[in-house]
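Enquirer: Dumping the structure here so I can ask a few things about it.
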Amino acid sequence: MHESCGVFGVYAPGEDVARLTFFALFALQHRGQESAGIATTDGSKLQVYANMGLVSQVFNEDSLSQLSGDIAIGHNRYSTRGSSRLTNAQPIVVGKGSNSIAIAHNGNIVNAEHLYEELSDQGYTFRTTTDTEVIANLILSSHEKNWVDRIRYAMHRLQGAYSVTLMTNHTLFAVRGSLGVRPLCLGTIDGGWVIASESCALDHIGANFVREIEPGEIVAITENGVDSYQEKVGKRALCIFEYIYFARPDSVINGRLLYPARQAMGEGLAQEHQVDADLVMGVPDSATAAGIGYSRYSGLPLAEGLLKNRYVGRTFIEPDQRIRDLGVKLKFNPLPQMLDGKRVVVVDDSIVRGTTTPQVVRLLKRAGAKEVHMRICAPPIRYPCFFGVDMATRWELIAAQKTIPEVRDFIGADSLGYLSIDGLIKAVALPKDIFCLACFTGDYPIPVQLEMDKLALETMAASQQPPSDVKEQ
Ligand code: SF4
């Protein structure tokens, strides 16, 4: 399961803003690994450099030194709308002369196609296939006189998830959609200001966290400092997967550090799904903290049964079929000395399609585990996501197709326990009504019926008929 991008912005005259952005993107690499880019302005023109690959592969001293100025924005991409290719890499610059902006976006615009058609009819042309360009052209299409009101106009038309950094030649903007699906925070650095998807990026560049950007808020940063404009908001819908999986455990979202929240998920699992076992382990790295929590509550010893190759997938060399067939073996190596003859509780973050978990269970059993008891931090995922998480269609979601005992049998575990929604909310320790829980409940924060119908039709057309089973890849 993938999230869709990390964004960053910095307003710091006199600083090497491109270099600061590079290191912040480096800290946000987990949010997107397909492409990376930085745009800067020196007050007279917007310049951008973006390419396919990881931050460290895209930039070198030469490319960074050409990005001069006082303001910069940056982006790491994982594509949800628009394919993975260079023209879709962000930030993108849209418009001409003083009527131009550079923009970087994290999220997914649900009504992007409708807006795209409307803007095309008005004569706007599109260079990319991203919803980011739809946001940019929507802002430019406004007849309002100043940038804040033009952004406001766009916010009233956009539906879905967006946390955006945007700049003109003189101003850095941060914009968070009214649902607040994706995080965005504000910090200071040596008299300047920074915006980031996650607070961990601020820590890495020596910036100080100031506060979250609120849902429905526009922040404008100029030489006069920070101005904030708050739009009216209704329902809030912060993606709960930021806490389970997407964000880094050393990030703070809504005042809650993620690491203890994940530990509390493990404690909740131990409370809800006890089992006689010899040891407990979290699948590294995303469920490491939850594994610790399970161990702490249950009293079972904590062990490292799987070691992760942290650099897997961080290459653009395509694996051949023989390497591909190795599946999770490429990513994890079991420790037979820890597992042999043991009844093992394995804590993981989520089960989506059910393609990886059976491989993990098999790997552990082949390494000698006598029993494998899976414990999952996310409740069963039964509905697709329309807010930027690449989560498959309903036909592919294993919990939408099978009962929990059937999923247990399919993955080959001796027992299976999912954390309940109430247990998850208790672990996160924030009010339930600020969250999106739609992939568990089907209760979407905005109407998505049209999207669902379209998705169902596309899926039916692709498969001719509903699959009777979900096949392991
Ligand atoms: S549907 Fe699920 S994955 Fe998507 S935003 Fe809501 S909680 Fe997050």
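For the structure tokens, the naming scheme is as follows: chains receive sequential letters (A, B, ...) according to their order of presentation, residues are indexed from 1 within each chain, and ligands are indexed from 1 in presentation order.
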Just want the residues within 7 Å of ligand 1, written as a VMD selection string, counting only C-alpha atoms and all ligand atoms.

Expert: chain A and resid 181 238 to 241 384 to 389 436 to 440

Enquirer: Keeping only N, CA and C atoms, write those residues as a compact mmCIF listing (two decimals), in the first residue's frame.

Expert:
# COMPACT_ATOMS: atom_id res chain seq x y z
N VAL A 181 -7.20 15.66 5.10
CA VAL A 181 -6.87 14.23 4.94
C VAL A 181 -5.36 13.99 5.12
N LEU A 238 -8.95 13.26 8.70
CA LEU A 238 -7.52 12.93 8.68
C LEU A 238 -7.36 11.42 8.47
N CYS A 239 -6.52 11.05 7.52
CA CYS A 239 -6.35 9.62 7.17
C CYS A 239 -5.71 8.88 8.35
N ILE A 240 -6.42 7.89 8.87
CA ILE A 240 -5.90 7.18 10.05
C ILE A 240 -4.66 6.36 9.70
N PHE A 241 -4.46 6.08 8.41
CA PHE A 241 -3.25 5.32 8.02
C PHE A 241 -1.96 6.13 8.18
N PRO A 384 -12.41 0.65 -1.00
CA PRO A 384 -11.25 1.33 -1.60
C PRO A 384 -11.11 2.76 -1.10
N CYS A 385 -9.94 3.34 -1.33
CA CYS A 385 -9.67 4.71 -0.92
C CYS A 385 -9.75 5.63 -2.15
N PHE A 386 -10.40 6.78 -1.98
CA PHE A 386 -10.46 7.76 -3.07
C PHE A 386 -9.66 9.01 -2.75
N PHE A 387 -8.83 8.91 -1.73
CA PHE A 387 -8.10 10.11 -1.28
C PHE A 387 -6.61 9.98 -1.45
N GLY A 388 -6.17 9.17 -2.40
CA GLY A 388 -4.75 9.17 -2.73
C GLY A 388 -3.98 7.96 -2.25
N VAL A 389 -4.66 6.98 -1.68
CA VAL A 389 -3.94 5.78 -1.26
C VAL A 389 -4.21 4.67 -2.26
N CYS A 436 -10.73 10.02 8.97
CA CYS A 436 -11.35 9.23 7.92
C CYS A 436 -11.11 7.76 8.27
N LEU A 437 -12.19 7.00 8.28
CA LEU A 437 -12.09 5.55 8.54
C LEU A 437 -12.77 4.80 7.40
N ALA A 438 -12.90 5.48 6.25
CA ALA A 438 -13.77 4.99 5.18
C ALA A 438 -13.37 3.62 4.65
N CYS A 439 -12.08 3.31 4.63
CA CYS A 439 -11.70 2.01 4.05
C CYS A 439 -12.09 0.86 4.98
N PHE A 440 -12.44 1.16 6.22
CA PHE A 440 -12.96 0.13 7.13
C PHE A 440 -14.49 0.11 7.13

Enquirer: Write down as a PyMOL selection string the residues of stretch 68-312 of chain A whose backbone DSSP state falls under alpha helix (DSSP H).

Expert: chain A and resi 112-121+131-141+147-157+199-204+241+258-272+288-298

Enquirer: What is the distance between atom CA of A:Tyr444 and atom CA of A:Ile421, in Å to one decimal?

Expert: 15.3 Å

Enquirer: Using only C-alpha atoms, which residues of stretch 202-312 of chain A come within 8 Å of stretch 162-172 of chain A, and what is the closest atom pair for each, with the distance in Å to one decimal? Give it as CSV, sorted by chain and residue number.

Expert:
residue,atom,partner,partner_atom,distance
A:Ala220,CA,A:Leu172,CA,5.8
A:Ile221,CA,A:Leu172,CA,5.1
A:Thr222,CA,A:Thr171,CA,5.1

Enquirer: Emit the selected residues as an mmCIF file, in the first residue's frame, including all heavy atoms.

Expert:
data_model
loop_
_atom_site.group_PDB
_atom_site.id
_atom_site.type_symbol
_atom_site.label_atom_id
_atom_site.label_comp_id
_atom_site.auth_asym_id
_atom_site.auth_seq_id
_atom_site.Cartn_x
_atom_site.Cartn_y
_atom_site.Cartn_z
ATOM 1 N N ALA A 220 0.274 32.236 4.093
ATOM 2 C CA ALA A 220 1.056 33.000 3.108
ATOM 3 C C ALA A 220 2.277 33.569 3.809
ATOM 4 O O ALA A 220 2.146 34.232 4.845
ATOM 5 C CB ALA A 220 0.199 34.120 2.526
ATOM 6 N N ILE A 221 3.455 33.287 3.269
ATOM 7 C CA ILE A 221 4.696 33.745 3.910
ATOM 8 C C ILE A 221 5.433 34.689 2.961
ATOM 9 O O ILE A 221 5.752 34.332 1.818
ATOM 10 C CB ILE A 221 5.591 32.542 4.271
ATOM 11 C CG1 ILE A 221 4.811 31.569 5.171
ATOM 12 C CG2 ILE A 221 6.863 33.025 4.981
ATOM 13 C CD1 ILE A 221 5.527 30.265 5.438
ATOM 14 N N THR A 222 5.671 35.891 3.452
ATOM 15 C CA THR A 222 6.397 36.913 2.678
ATOM 16 C C THR A 222 7.456 37.547 3.571
ATOM 17 O O THR A 222 7.630 37.120 4.717
ATOM 18 C CB THR A 222 5.441 38.035 2.219
ATOM 19 O OG1 THR A 222 4.898 38.647 3.393
ATOM 20 C CG2 THR A 222 4.316 37.512 1.352
#

Enquirer: Find the residues around A:Gln29 up to 10 Å (only C-alpha atoms counted), leave out those fewer than 6 positions away in its own chain, and share them as a list in words.

Expert: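 The filter keeps Cys5, Gly6, Phe23, Ser35, Ala36, Leu54, Val55, Ser56, His75, Asn76, Arg77 and Ala201 of chain A.
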
Enquirer: Do you know which residues are at most 9 Å from stretch 306-311 of chain A counting only C-alpha atoms, after dropping those on the same chain fewer than 2 positions away, and could you put them as a PyMOL selection string?

Expert: chain A and resi 281-285+303-304+313-315+330-335+364

Enquirer: Ranking A:Asp340, A:Asp62, A:Asp422, A:Glu212 by minimum distance to A:Leu269 and counting only C-alpha atoms, which one comes first?

Expert: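 With only C-alpha atoms as the atom set, the closest residue is A:Asp422.
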
Enquirer: Have a look at atom CA of A:Ala12 and atom CA of A:Ile189 and let me know their distance in Å, one decimal.

Expert: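 One can read the atom CA of A:Ala12 to atom CA of A:Ile189 distance as 7.6 Å.
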
Enquirer: Taking 5 positions as the minimum chain separation for residues in the same chain, which residues sit within 9 Å of A:Ile425 when counting only C-alpha atoms? Answer as a list in words.

Expert: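 Within the cut-off, the hits are Ile240, Met265, Ser420, Leu430, Pro431 and Lys432 of chain A.
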
Enquirer: With N, CA, C and O atoms retained, export the selected residues as a PDB file, in the first residue's frame.

Expert:
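In the end it all went to again39.pdb:
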ATOM      1  N   ILE A 240      -6.416   7.888   8.874  1.00  0.00           N
ATOM      2  CA  ILE A 240      -5.905   7.176  10.052  1.00  0.00           C
ATOM      3  C   ILE A 240      -4.658   6.359   9.701  1.00  0.00           C
ATOM      4  O   ILE A 240      -3.855   6.032  10.583  1.00  0.00           O
ATOM      5  N   MET A 265      -1.137   0.594  19.717  1.00  0.00           N
ATOM      6  CA  MET A 265      -1.882  -0.325  18.829  1.00  0.00           C
ATOM      7  C   MET A 265      -1.520  -1.771  19.173  1.00  0.00           C
ATOM      8  O   MET A 265      -2.368  -2.658  19.205  1.00  0.00           O
ATOM      9  N   SER A 420      -9.643  -3.684  16.585  1.00  0.00           N
ATOM     10  CA  SER A 420     -10.969  -3.110  16.307  1.00  0.00           C
ATOM     11  C   SER A 420     -10.826  -1.608  16.027  1.00  0.00           C
ATOM     12  O   SER A 420      -9.813  -0.995  16.375  1.00  0.00           O
ATOM     13  N   LEU A 430      -6.996  10.314  20.065  1.00  0.00           N
ATOM     14  CA  LEU A 430      -7.547  11.565  19.547  1.00  0.00           C
ATOM     15  C   LEU A 430      -9.029  11.325  19.238  1.00  0.00           C
ATOM     16  O   LEU A 430      -9.443  10.164  19.074  1.00  0.00           O
ATOM     17  N   PRO A 431      -9.824  12.387  19.137  1.00  0.00           N
ATOM     18  CA  PRO A 431     -11.264  12.171  18.908  1.00  0.00           C
ATOM     19  C   PRO A 431     -11.544  11.447  17.594  1.00  0.00           C
ATOM     20  O   PRO A 431     -10.941  11.764  16.565  1.00  0.00           O
ATOM     21  N   LYS A 432     -12.469  10.500  17.647  1.00  0.00           N
ATOM     22  CA  LYS A 432     -12.778   9.675  16.467  1.00  0.00           C
ATOM     23  C   LYS A 432     -13.266  10.523  15.291  1.00  0.00           C
ATOM     24  O   LYS A 432     -12.968  10.230  14.126  1.00  0.00           O
TER      25      LYS A 432
END

Enquirer: Compare A:His143, A:Arg85, A:Arg322, A:Arg211 by their minimum atom-to-atom distance to A:Ala50, counting only C-alpha atoms, and give me the closest one.

Expert: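 Among the listed residues, A:Arg85 lies closest to A:Ala50.
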